[in-house]
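So the structure is just underneath, and the comments pick up after that.
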Amino acid sequence: MTFYVIRRVFIGILLLFFMSAAFFALTRLTPGPPFSTGENPRAHQELVDRRLHNLGLDQPWYQQYPAYLNALVHGNLGDSYVNNVPVTTLLWQRVPNSVLLLGVSLIVSLLIAIPLGVFAATHQYSKVDTTTSVLSYVGISVPSFVLGIFLLLGGAVWLRHVTNGGFYFPLFGMHLNASTTDLGDLVWHMVLPVTSLAILSVAGFSRFMRASMLEVLHQDYVRTAKAKGLPARSVNYKHALRNAILPIVTLVALQTPQFVSGAIITEGIFSWPGMGLLAFQAALTRDYPVILGVVMLVAALTILFNLLADVAYAVVDPRIRY
Amino acid sequence: MHLGSRLRAVALASVIPFAIVACGPGGTPSSTIKEGGTLVYALDSDPVTFNPFETSTVPDIRANQFLWPNLYQADKNLSVVPDLAAGPPTVSTDLKTWTVKLRTDAKWSDGSPITSADVVATVHMQANAKLDTDASYDWSILTDPVSGVTAPDASTVVFTLKNPFAPFYANNLVGYVAPASVYANADPTKMRTFQQDKPTVTGGPFLFDTRVAGSEIDYKANPNYYLGKPHFAKVVLKIITNSTAAAQAVISGDVNWDPEITGAAIDTVKAATGVQSYTYPDLGYFDVRFNDRAMWVNKSKATLFGDVNVRRAFAYALDKNALVKAATDGHSTPMWGDIVPASAYYDDTAVVKYQQDIPKAKSLMDAAGWTVGSDGIRVKNGVKFSGKFFVRADKPQRVKAVQIMSEQLRTNLGMDLVPTPTDFKVFYAPIQAGNFDLALAGFGLTLDPDDYTTFSSSQLRPENSSSGSNWTGFVNAELDAAITAQRNDLKATAAETFAARKADFAKIEHILGDNVVSYFLWADNVGMAFNGVNGVVTGNNDSLNYADQGRNVQIFAQWSLVSPK
Amino acid sequence: MADQPLEKAPQEFKSMLGGTKLASVLASEGALRKAAAKEDLVVAEVAEPSELGFWRLSVMRFLHHRAATVSLVILAIIILAAVIVPIFQGNLFRTQDYTHPYGAPFQFQSRVISLPVGLSVTIPWSDHLFGTDGLGSDELARLIRGGRVSLTVGLLATVGYIIIGGLFGALAGYYGGWIDNALMRLTDVIIAMPFILVVIAVTAAFGGVSLTVLVGVIALLGWFEIGRLMRAQFLVLRESEFVQAARALGASDARIIFRHIVPNSLAPIIVSATLGVSGIILLEAALGFLGLSIPPPEPSWGNMLSDYNDFVLRGQVYLIAFPAGALVLTALCINLVGDGIRDALDPRQR
């Protein structure tokens with residue numbers, strides 16, 4: 001087991017290394033300089049050139065790579081082209097906000113999706129099953145931005161209008177103001193973005209949970225238990241559910257990058273100061289060190305979660321051994 | 001998400017302008033003034049620096065305007081007025097020595113007085129060739145970057161120039177002053193990261209309080225501010241990335257002041273009750289920049305617009321007012337020269353206006369030797385009138401304008417100009433290298449209309465300068481002479497200088513228009529909206545020229561909240 | 001192989017799920033269900049005569065999935081419209097009336113139509129049924145033309161990644177060894193990245209977005225899902241009795257792959273590819289929403305949404321509703337058709 005984990009960690013680090021090399025080459029081969037005088041008629045080309053030189057960006061990419069690699073090994077992702085601060089600092093400011101938003105969305109969606117999926121599976125072909133099925137197809141077919149704008153206009157604008165300012169959700173941000181430490185205020189600000197993210201996840205997770213549950217219900221031991229006359233409720237929830245829930249752990253781990261992708265749009269709509277917004281601003285300004293930083297962080301987390309999921313699997317399921 | 005402004009207008013950088021208000025309450029009856037409360041101000045993206053030497057993007061300039069004293073700044077009509085200075089500068093009889101007297105009552109936030117040593121240290125740092133910054137300072141006019149500026153006593157600053165230079169007042173003297181105690185000994189090569197996240201000593205109307213990265217910045221009133229303590233107790237800058245949310249936030253009163261409302265949001269806030277809204281013409285313009293050379297610089301192709309008659313035909317074939325209105329949904333001011341109509345130097349009689357006249361346009365094309373081919377596209381010596389119309393892909397209004405012009409010119413005139421939206425990282429390269437036919441580009445401007453870098457032939461890039469911003473390839477001795485004249489026309493009094501330069505600019509505008517060096521399109525009308533703020537007054541033409549991008553921010557020290565909370 | 005059990009369980013899901021969209025979750029159901037229903041009874045309303053071929057049976061089963069059949073019809077209409085209508089409309093999608101922009105939708109006026117025998121009828125008529133956009137161009141024409149672009153991106157990128165993924169997956173699954181290892185590790189990398197961000201960065205590296213670049217980038221980065229599926233299929237099938245038999249008879253590798261394994265591994269690939277198309281169409285729309293998809297004048301459902309803030313604020317909801325509605329409808333239909341195909345190809349799963 002220990003050897004297995006060490007091996008996986010080693011492979012994970014190797015993967016991150018290759019990813020960074022590929023991305024590095026890509027960003028350095030991009031046409032157009034990272035900075036230019038653009039639309040400022042008084043900008044000095046010499047200053048721009050000097051900055052390129054200071055950052056070593058005037059050299060061919062293969063000459064820049066050793067320095068970059070050296071920094072990377074020391075945990076330094078480089079400095080943002082726009083903010084001039086280390087990318088790690090920026091990530092440190094923004095990532096906790098995203099973890100909060102995405103974590104709560106994940107928990108909320110699992111709390112809804114798992115019971116829904118189980119119910120649909122145990123009542124296969126029932127009205128609830130069919131309705132869930134149709135709704136989840138609609139859910140995965142609606143783009144997150146359509147949902148986001150709809151929620152913003154409905155929950156923050158329309159609701160405020162019809163209740164004459166009595167009841168509504170905030171238009172932007174995660175706190176009423178910087179000094180607010182009130183948990184209720186934070187929750188209030190989270191309602192719309194979490195709803196927007198959770199609806200999409202519920203659609204996917206509930207379908208998956210249903211399928212997973214159905215699989216287990218068809219296993220021999222479940223049939224045996226049923227044949228022996230154990231009450232269906234006991235079989236379903238005591239024996240089947242435990243095993244059916246396992247695969248979703250892996251699914252959640254693997255969906256990490258997709259959560260972040262979703263956050264890019266949702267955080268932008270609700271002005272949530274997370275890393276999705278940071279990544280999007282970096283993409284607009286072609287701030288490659290920041291883009292690379294976000295990509296690397298997400299990749300590292302995905303690989304880590306994946307490993308944790310596998311280990312958790314082994315712990316929970318005695319049949320799996322490493 | 002109007003994050004775009006960060007990319008736009010890196011413009012006002014060189015000057016980091018500023019504004020002022022020396023005077024008393026411009027129209028606010030004192031009875032309506034209420035003390036205290038928090039003013040909530042909307043920003044569309046997070047500023048990146050609080051080091052005044054590094055502010056270059058719009059969010060930077062907006063966030064920093066609350067913190068720093070300025071020597072001079074612009075008032076609501078874009079005229080230069082004193083701020084930290086005690087009065088207008090005096091100029092020696094040889095017109096080369098400028099003397100500025102400072103107020104003696106101004107203090108930094110640490111209690112020490114703001115003196116001429118601070119001004120000198122600020123200029124020394126800006127003029128330091130090693131200073132690493134995106135802001136473009138230009139002190140090359142001083143006889144020496146160090147000895148060219150001196151402080152004979154604590155309240156006097158003397159600038160010694162190489163030659164008489166008229167734009168000096170509005171371009172060089174309008175700017176912030178930073179405390180020498182903090183910045184004078186900072187390493188200029190490491191200035192980008194010096195006190196970037198928060199300043200220690202400031203001197204503007206507000207003091208830095210707290211910041212939550214990506215979310216908000218809090219300032220509190222500076223009780224010792226030399227123009228009087230602001231009426232607001234606090235200012236909170238909220239970062240709202242979605243423009244729909246920002247507009248709705250002003251309408252609902254969650255935000256008291258949104259300095260930049262664009263597009264349809266202008267109409268939305270105008271229609272809302274309880275919101276005061278104003279528009280102001282942005283300092284900057286968009287134009288169709290032709291390659292006026294006969295050949296591309298790399299000699300691979302003859303240009304389409306090297307012939308002045310072709311450029312005139314282009315101008316006659318379009319209905320500028322209609323196309324500008326459509327492209328910007330009416331939120332802009334059409335332009336015929338490179339001086340924005342908001343400027344005092346603008347002269348409506350000097351510009352050459354081309355009214356749409358398609359038969360005339362066609363005959364000009366015929367005269368230039370371009371005849372209509374079988375497919376409706378004009379041909380000359382077997383070469384089709386066909387080229388790429390470059391435009392930045394990330395600017396929807398510009399893309400729209402290019403689509404309209406392309407369609408109009410195809411049907412009206414037989415020009416085949418293919419709209420080519422291009423990534424901004426590669427957009428400038430062919431234009432700056434002189435290998436293009438035409439492109440819709442833009443320039444940000446400073447308070448002074450000096451257009452030396454954009455139209456003087458000494459600034460032709462790449463031919464005469466590796467850094468110039470004159471990408472047109474247009475060379476005209478008369479134009480060069482007029483541009484030199486407006487820079488040198490410094491007279492004994494401000495009024496004489498203004499009159500002489502206005503005449504010079506009239507000449508420039510006429511030459512630019514007559515030769516259609518560039519086909520100027522529009523200046524953006526930006527909206528500004530207030531909810532629950534007292535004391536806001538407008539400038540010329542009922543527009544609000546001030547209080548944005550660092551132009552005249554201290555004026556809001558006179559404003560107050562209707563119901564302070 | 002100490003880690004055999006572990007590699008098996010998660011990889012099985014990975015192969016199906018690692019994708020760019022939650023839609024891929026649905027593809028994975030197939031794997032689960034397949035395992036689930038090993039000895040389950042065939043649920044078949046029709047007693048299927050054994051002489052009917054596999055594909056014919058599948059079609060019959062598909063037609064019994066009502067939602068899928070209806071979706072297929074709607075989808076067919078959308079695709080036909082996107083392919084055929086622009087041929088007749090020519091440049092209507094970019095014909096401007098820029099001095100009269102933002103025409104409202106569903107404005108009817110009476111129009112008299114003369115019939116040949118001297119009769120005439122008055123019918124309600126609309127020049128621009130769906131209104132016009134900011135340049136005064138016909139919104140319906142743009143919607144149809146935009147559908148052509150969006151569907152082209154979806155279909156071409158999918159075809160691209162089926163080719164790339166199918167090839168890599170087949171090689172890895174059939175030969176195993178280092179090819180297999182390299183493939184699995186490469187896909188580990190791609191799976192771990194936030195797809196939309198990588199697409200933005202890579203398209204920028206090509207100097208801006210165009211149809212070709214977008215299709216190329218998605219195909220180059222999106223193939224791993226199909227690759228893993230194909231590999232899983234090959235791993236199972238290469239050990240199957242009929243392949244062993246073919247090998248014993250001296251068939252070449254190529255013959256075994258193309259004659260025996262590929263036809264038998266198509267079902268999950270088809271399902272995954274179908275769902276992939278809807279995922280890519282939604283991805284293109286998300287890029288357009290962020291202002292980073294194919295630029296005008298060529299419309300796409302994504303770039304028609306890029307000015308959404310202005311449309312919302314000006315109350316021109318129709319300019320959002322039509323492209324967004326088209327997107328949702330198309331994605332929904334594709335997903336339901338995918339569901340139908342899966343049920344049809346593997347009836348035990350129902």
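Within each chain, counting starts at residue 1; across the structure tokens, chains are named A, B, ... in the order shown, with ligands numbered 1 upward in that order.
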* Interface, chain B side, toward chain A (6 Å; only C-alpha atoms) as a PyMOL selection string -> chain B and resi 10-11+48+136+214-215+240-242+245+425-426+442-444+467+469
* To do: Within 10 Å of Val182 of chain B, counting only C-alpha atoms, which residues show up once you throw out same-chain ones fewer than 5 positions away? Write them as a ChimeraX atom specification, please.
  => /B:118,194-195,199-202
* Counting only C-alpha atoms, what is within 12 Å of Ala121 of chain A, bar same-chain residues fewer than 4 positions away, as an MDAnalysis selection string? -> (chainID A and resid 113:117 125:130 132:133 206:218 236:237 240:241 244) or (chainID C and resid 33 350)
Write out the residues from the selection above, keeping C-alpha atoms, as an mmCIF file, in the first residue's frame.
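Final output, saved to selection35.cif:
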```cif
data_model
loop_
_atom_site.group_PDB
_atom_site.id
_atom_site.type_symbol
_atom_site.label_atom_id
_atom_site.label_comp_id
_atom_site.auth_asym_id
_atom_site.auth_seq_id
_atom_site.Cartn_x
_atom_site.Cartn_y
_atom_site.Cartn_z
ATOM 1 C CA ALA A 113 -28.305 14.016 -6.045
ATOM 2 C CA ILE A 114 -27.596 10.906 -3.963
ATOM 3 C CA PRO A 115 -31.069 10.512 -2.429
ATOM 4 C CA LEU A 116 -32.607 11.420 -5.781
ATOM 5 C CA GLY A 117 -30.530 8.859 -7.645
ATOM 6 C CA TYR A 125 -39.635 3.359 -14.252
ATOM 7 C CA SER A 126 -41.785 5.146 -11.673
ATOM 8 C CA LYS A 127 -43.022 8.673 -12.253
ATOM 9 C CA VAL A 128 -40.264 10.085 -10.045
ATOM 10 C CA ASP A 129 -37.681 8.145 -12.008
ATOM 11 C CA THR A 130 -38.951 9.353 -15.356
ATOM 12 C CA THR A 132 -35.795 12.951 -12.673
ATOM 13 C CA SER A 133 -34.453 11.484 -15.848
ATOM 14 C CA SER A 206 -28.151 11.914 -9.863
ATOM 15 C CA ARG A 207 -27.949 10.102 -13.199
ATOM 16 C CA PHE A 208 -24.704 8.546 -12.155
ATOM 17 C CA MET A 209 -25.998 7.588 -8.726
ATOM 18 C CA ARG A 210 -29.040 5.962 -10.258
ATOM 19 C CA ALA A 211 -26.917 3.883 -12.591
ATOM 20 C CA SER A 212 -24.507 2.928 -9.822
ATOM 21 C CA MET A 213 -27.358 1.914 -7.555
ATOM 22 C CA LEU A 214 -29.004 -0.108 -10.307
ATOM 23 C CA GLU A 215 -25.782 -1.976 -10.844
ATOM 24 C CA VAL A 216 -25.536 -2.945 -7.200
ATOM 25 C CA LEU A 217 -29.183 -3.910 -7.017
ATOM 26 C CA HIS A 218 -28.511 -6.454 -9.725
ATOM 27 C CA ASN A 236 -31.592 -1.260 -0.370
ATOM 28 C CA TYR A 237 -30.228 1.051 2.215
ATOM 29 C CA ALA A 240 -26.762 -1.789 -1.584
ATOM 30 C CA LEU A 241 -26.391 1.909 -0.896
ATOM 31 C CA ALA A 244 -23.306 2.091 -4.729
ATOM 32 C CA ARG C 33 -25.202 -0.890 -16.665
ATOM 33 C CA ARG C 350 -32.798 -0.596 -19.964
#
```
Could you build a table of the residues in chain C lying no more than 12 Å from chain B, giving for each the nearest pair of atoms and their separation in Å rounded to one decimal place, using only C-alpha atoms, ordered by chain and ascending residue number, as CSV?
```
residue,atom,partner,partner_atom,distance
C:Asn91,CA,B:Glu407,CA,11.3
C:Arg94,CA,B:Glu407,CA,8.8
C:Thr95,CA,B:Glu407,CA,8.2
C:Gln96,CA,B:Ile404,CA,7.6
C:Asp97,CA,B:Ile404,CA,9.2
C:Tyr98,CA,B:Ala326,CA,6.1
C:Thr99,CA,B:Ala326,CA,6.5
C:His100,CA,B:Ala326,CA,8.5
C:Pro101,CA,B:Ala326,CA,7.5
C:Tyr102,CA,B:Ala326,CA,10.3
C:Asp133,CA,B:Ala326,CA,10.9
C:Gly134,CA,B:Ala326,CA,7.3
C:Leu135,CA,B:Ala326,CA,7.1
C:Gly136,CA,B:Ala326,CA,9.4
C:Ser137,CA,B:Ile404,CA,11.0
C:Ile200,CA,B:Asp423,CA,11.9
C:Thr203,CA,B:Asp423,CA,10.0
C:Ala204,CA,B:Asp423,CA,7.5
C:Ala205,CA,B:Lys425,CA,9.7
C:Phe206,CA,B:Asp423,CA,9.5
C:Gly207,CA,B:Asp423,CA,6.0
C:Gly208,CA,B:Asp423,CA,4.9
C:Val209,CA,B:Asp423,CA,7.9
C:Ser210,CA,B:Pro421,CA,9.8
C:Gly288,CA,B:Asp394,CA,11.2
C:Phe289,CA,B:Met1,CA,9.9
C:Leu290,CA,B:Met1,CA,8.2
C:Gly291,CA,B:Asp394,CA,6.9
C:Leu292,CA,B:Asp394,CA,7.8
C:Ser293,CA,B:Ala393,CA,9.8
C:Ile294,CA,B:Ala393,CA,9.2
C:Pro295,CA,B:Pro421,CA,6.4
C:Pro296,CA,B:Val399,CA,7.5
C:Pro297,CA,B:Gln403,CA,6.9
C:Glu298,CA,B:Pro419,CA,10.3
C:Asn303,CA,B:Pro396,CA,10.4
C:Met304,CA,B:Pro396,CA,11.3
C:Leu305,CA,B:Pro396,CA,11.8
C:Ser306,CA,B:Pro396,CA,8.7
C:Asp307,CA,B:Pro396,CA,7.9
C:Tyr308,CA,B:Thr244,CA,9.2
C:Asn309,CA,B:Thr244,CA,5.7
C:Asp310,CA,B:Ala264,CA,5.0
C:Phe311,CA,B:Ala264,CA,7.6
C:Val312,CA,B:Thr244,CA,7.4
C:Leu313,CA,B:Ala265,CA,5.8
C:Arg314,CA,B:Ala264,CA,5.6
C:Gly315,CA,B:Thr268,CA,9.1
C:Gln316,CA,B:Ala264,CA,10.3
```
For the residues selected in the previous step, produce a file with N, CA and C atoms as a CSV table (one decimal), in the first residue's frame.
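The result, stored in again-v7.csv:
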```
chain,number,residue,atom,x,y,z
C,91,ASN,N,-26.4,35.6,-48.7
C,91,ASN,CA,-25.8,36.5,-47.8
C,91,ASN,C,-26.8,37.2,-46.8
C,94,ARG,N,-25.8,38.3,-43.4
C,94,ARG,CA,-25.0,39.5,-43.2
C,94,ARG,C,-25.4,40.7,-43.9
C,95,THR,N,-26.7,40.6,-44.5
C,95,THR,CA,-27.2,41.8,-45.1
C,95,THR,C,-27.7,42.8,-44.0
C,96,GLN,N,-27.1,44.0,-44.1
C,96,GLN,CA,-27.4,44.9,-43.0
C,96,GLN,C,-28.4,46.0,-43.3
C,97,ASP,N,-29.0,46.5,-42.3
C,97,ASP,CA,-29.8,47.7,-42.4
C,97,ASP,C,-29.5,48.5,-41.1
C,98,TYR,N,-28.2,49.0,-41.1
C,98,TYR,CA,-27.6,49.4,-39.9
C,98,TYR,C,-28.3,50.7,-39.3
C,99,THR,N,-29.0,51.4,-40.1
C,99,THR,CA,-29.7,52.6,-39.6
C,99,THR,C,-31.0,52.2,-38.9
C,100,HIS,N,-31.5,50.9,-39.1
C,100,HIS,CA,-32.7,50.5,-38.4
C,100,HIS,C,-32.4,49.2,-37.6
C,101,PRO,N,-31.6,49.2,-36.6
C,101,PRO,CA,-31.2,48.0,-35.9
C,101,PRO,C,-32.3,47.6,-34.9
C,102,TYR,N,-32.1,46.4,-34.3
C,102,TYR,CA,-32.9,45.9,-33.2
C,102,TYR,C,-34.4,45.9,-33.5
C,133,ASP,N,-30.8,42.2,-35.5
C,133,ASP,CA,-29.8,42.5,-34.5
C,133,ASP,C,-29.3,43.9,-34.6
C,134,GLY,N,-28.1,44.1,-33.9
C,134,GLY,CA,-27.6,45.5,-33.8
C,134,GLY,C,-27.2,46.1,-35.2
C,135,LEU,N,-27.0,45.3,-36.2
C,135,LEU,CA,-26.7,45.8,-37.5
C,135,LEU,C,-27.9,45.7,-38.4
C,136,GLY,N,-29.0,45.4,-37.9
C,136,GLY,CA,-30.2,45.3,-38.7
C,136,GLY,C,-30.3,44.0,-39.5
C,137,SER,N,-29.4,43.0,-39.2
C,137,SER,CA,-29.4,41.8,-40.0
C,137,SER,C,-30.5,40.9,-39.4
C,200,ILE,N,-8.8,28.1,-24.2
C,200,ILE,CA,-8.6,29.6,-24.4
C,200,ILE,C,-7.1,29.9,-24.6
C,203,THR,N,-6.0,28.4,-28.1
C,203,THR,CA,-6.4,29.1,-29.3
C,203,THR,C,-5.7,30.4,-29.4
C,204,ALA,N,-5.4,31.0,-28.2
C,204,ALA,CA,-4.6,32.3,-28.2
C,204,ALA,C,-3.2,32.0,-28.8
C,205,ALA,N,-2.7,30.8,-28.5
C,205,ALA,CA,-1.3,30.5,-29.0
C,205,ALA,C,-1.3,30.4,-30.5
C,206,PHE,N,-2.5,30.2,-31.1
C,206,PHE,CA,-2.6,30.2,-32.6
C,206,PHE,C,-2.9,31.6,-33.2
C,207,GLY,N,-2.8,32.6,-32.4
C,207,GLY,CA,-3.0,33.9,-32.8
C,207,GLY,C,-4.4,34.3,-33.0
C,208,GLY,N,-5.3,33.7,-32.3
C,208,GLY,CA,-6.7,34.1,-32.3
C,208,GLY,C,-7.6,32.9,-32.8
C,209,VAL,N,-8.9,33.1,-32.6
C,209,VAL,CA,-9.8,32.0,-32.8
C,209,VAL,C,-10.4,32.0,-34.2
C,210,SER,N,-10.4,30.9,-34.9
C,210,SER,CA,-11.1,30.7,-36.1
C,210,SER,C,-11.7,29.3,-36.1
C,288,GLY,N,-18.1,31.7,-26.6
C,288,GLY,CA,-18.7,32.9,-27.2
C,288,GLY,C,-19.2,33.8,-26.1
C,289,PHE,N,-19.8,33.3,-25.1
C,289,PHE,CA,-20.3,34.1,-24.0
C,289,PHE,C,-19.2,34.9,-23.4
C,290,LEU,N,-18.0,34.2,-23.3
C,290,LEU,CA,-16.8,34.9,-22.7
C,290,LEU,C,-16.2,35.9,-23.7
C,291,GLY,N,-16.7,35.9,-25.0
C,291,GLY,CA,-16.2,36.7,-26.0
C,291,GLY,C,-14.9,36.1,-26.6
C,292,LEU,N,-14.8,34.8,-26.5
C,292,LEU,CA,-13.5,34.2,-27.0
C,292,LEU,C,-13.8,33.1,-28.0
C,293,SER,N,-14.9,33.2,-28.7
C,293,SER,CA,-15.2,32.2,-29.8
C,293,SER,C,-14.9,32.8,-31.1
C,294,ILE,N,-15.3,32.1,-32.2
C,294,ILE,CA,-15.1,32.6,-33.5
C,294,ILE,C,-15.7,34.0,-33.7
C,295,PRO,N,-14.9,35.0,-34.2
C,295,PRO,CA,-15.3,36.4,-34.3
C,295,PRO,C,-16.3,36.6,-35.4
C,296,PRO,N,-17.2,37.6,-35.4
C,296,PRO,CA,-18.0,38.0,-36.5
C,296,PRO,C,-17.1,38.3,-37.7
C,297,PRO,N,-17.7,38.5,-38.9
C,297,PRO,CA,-19.1,38.5,-39.2
C,297,PRO,C,-19.8,37.1,-39.3
C,298,GLU,N,-19.0,36.0,-39.3
C,298,GLU,CA,-19.6,34.7,-39.3
C,298,GLU,C,-20.4,34.5,-38.0
C,303,ASN,N,-21.1,33.2,-30.4
C,303,ASN,CA,-20.7,34.7,-30.5
C,303,ASN,C,-22.0,35.5,-30.6
C,304,MET,N,-23.2,34.9,-30.9
C,304,MET,CA,-24.4,35.7,-30.9
C,304,MET,C,-24.7,36.1,-29.5
C,305,LEU,N,-24.2,35.4,-28.5
C,305,LEU,CA,-24.5,35.7,-27.1
C,305,LEU,C,-23.4,36.6,-26.4
C,306,SER,N,-22.4,37.0,-27.2
C,306,SER,CA,-21.3,37.7,-26.5
C,306,SER,C,-21.7,39.1,-26.0
C,307,ASP,N,-22.7,39.7,-26.6
C,307,ASP,CA,-23.1,41.0,-26.1
C,307,ASP,C,-24.3,40.9,-25.1
C,308,TYR,N,-24.4,39.8,-24.4
C,308,TYR,CA,-25.5,39.5,-23.6
C,308,TYR,C,-25.9,40.6,-22.6
C,309,ASN,N,-24.8,41.2,-22.0
C,309,ASN,CA,-25.1,42.3,-21.1
C,309,ASN,C,-25.9,43.4,-21.6
C,310,ASP,N,-25.5,43.8,-22.9
C,310,ASP,CA,-26.2,44.9,-23.5
C,310,ASP,C,-27.7,44.5,-23.8
C,311,PHE,N,-27.8,43.2,-24.3
C,311,PHE,CA,-29.2,42.8,-24.6
C,311,PHE,C,-30.0,42.8,-23.4
C,312,VAL,N,-29.5,42.3,-22.2
C,312,VAL,CA,-30.2,42.2,-21.0
C,312,VAL,C,-30.7,43.6,-20.6
C,313,LEU,N,-29.7,44.5,-20.6
C,313,LEU,CA,-29.9,45.9,-20.1
C,313,LEU,C,-30.9,46.7,-21.0
C,314,ARG,N,-30.8,46.4,-22.3
C,314,ARG,CA,-31.7,47.1,-23.2
C,314,ARG,C,-33.1,46.4,-23.3
C,315,GLY,N,-33.2,45.3,-22.6
C,315,GLY,CA,-34.5,44.5,-22.7
C,315,GLY,C,-34.7,43.8,-24.0
C,316,GLN,N,-33.6,43.6,-24.7
C,316,GLN,CA,-33.8,42.8,-26.0
C,316,GLN,C,-33.5,41.3,-25.7
```
* To do: Using DSSP on the backbone, list every residue of segment 130-227 of chain C that comes out as alpha helix (DSSP H), and give them as a ChimeraX atom specification.
  => /C:139-175,177-191,195-205,211-222,224-227
* To do: Write out as a list of chain:residue names the residues lying within 9 Å of Ile141 of chain B, counting only C-alpha atoms and excluding same-chain residues fewer than 5 positions away.
  =>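 The contact residues come out as B:Thr160, B:Leu161, B:Lys162, B:Asn163, B:Phe165, B:Phe168.
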* Asked: Mind checking DSSP for segment 100-271 of chain C and telling me the strand (DSSP E) residues as a PyMOL selection string?
  -> chain C and resi 109-114+120-125
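Checking B:Gly434, B:Pro179, B:Gly535, B:Gly387 one by one against Ser466 of chain B, counting only C-alpha atoms, you find the shortest gap at B:Gly434.
Taking atom CA of Val187 of chain A and atom CA of Tyr168 of chain A as endpoints, the distance between them is 13.1 Å.
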* Asked: Mind pulling up the distance from atom CA of Arg461 of chain B to atom CA of Tyr345 of chain B?
  ->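 Distance between the two atoms: 26.7 Å.
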* Of the residues C:Ile270, C:Ile226, C:Gly325, C:Leu211, which is the one nearest to Ile163 of chain C, using only C-alpha atoms? ->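 The answer is C:Ile226, which sits nearest to Ile163 of chain C.
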* 8 Å contact set for Thr115 of chain B, only C-alpha atoms, chain neighbours under 5 positions out, as a PyMOL selection string -> chain B and resi 102+104+154-155
* Hey, what's within 12 Å of Gly78 of chain A if we count only C-alpha atoms and toss same-chain stuff fewer than 2 positions away? As a PyMOL selection string, please? -> chain A and resi 24+55+67-76+80-91+287-293
Taking C-alpha atoms for each residue, export the selection above as a PDB file, in the first residue's frame.
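The resulting file, result-v3.pdb, is reproduced below:
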```
ATOM      1  CA  PHE A  24       5.730  26.577 -21.160  1.00  0.00           C
ATOM      2  CA  LEU A  55      12.186  38.858 -17.671  1.00  0.00           C
ATOM      3  CA  ALA A  67      15.556  29.064 -15.233  1.00  0.00           C
ATOM      4  CA  TYR A  68      11.848  28.432 -15.257  1.00  0.00           C
ATOM      5  CA  LEU A  69      12.321  24.818 -14.277  1.00  0.00           C
ATOM      6  CA  ASN A  70      14.658  25.750 -11.476  1.00  0.00           C
ATOM      7  CA  ALA A  71      12.074  28.148 -10.074  1.00  0.00           C
ATOM      8  CA  LEU A  72       9.348  25.556 -10.452  1.00  0.00           C
ATOM      9  CA  VAL A  73      11.300  22.981  -8.487  1.00  0.00           C
ATOM     10  CA  HIS A  74      11.470  25.523  -5.691  1.00  0.00           C
ATOM     11  CA  GLY A  75       7.734  25.949  -5.741  1.00  0.00           C
ATOM     12  CA  ASN A  76       7.874  29.247  -7.607  1.00  0.00           C
ATOM     13  CA  SER A  80       2.258  37.601 -12.984  1.00  0.00           C
ATOM     14  CA  TYR A  81       2.889  39.725 -16.094  1.00  0.00           C
ATOM     15  CA  VAL A  82       0.113  42.064 -15.059  1.00  0.00           C
ATOM     16  CA  ASN A  83       0.283  42.210 -11.263  1.00  0.00           C
ATOM     17  CA  ASN A  84       4.037  41.626 -10.948  1.00  0.00           C
ATOM     18  CA  VAL A  85       3.497  39.619  -7.788  1.00  0.00           C
ATOM     19  CA  PRO A  86       4.292  35.919  -7.465  1.00  0.00           C
ATOM     20  CA  VAL A  87       1.549  33.746  -8.910  1.00  0.00           C
ATOM     21  CA  THR A  88       1.523  31.767  -5.667  1.00  0.00           C
ATOM     22  CA  THR A  89       0.504  34.934  -3.800  1.00  0.00           C
ATOM     23  CA  LEU A  90      -2.399  35.518  -6.168  1.00  0.00           C
ATOM     24  CA  LEU A  91      -3.507  31.903  -5.893  1.00  0.00           C
ATOM     25  CA  ASP A 287      -1.083  36.628 -18.320  1.00  0.00           C
ATOM     26  CA  TYR A 288       0.493  33.234 -18.969  1.00  0.00           C
ATOM     27  CA  PRO A 289       2.209  32.673 -15.625  1.00  0.00           C
ATOM     28  CA  VAL A 290      -1.173  33.025 -13.915  1.00  0.00           C
ATOM     29  CA  ILE A 291      -2.970  30.794 -16.423  1.00  0.00           C
ATOM     30  CA  LEU A 292      -0.262  28.194 -16.024  1.00  0.00           C
ATOM     31  CA  GLY A 293      -0.441  28.538 -12.258  1.00  0.00           C
TER      32      GLY A 293
END
```
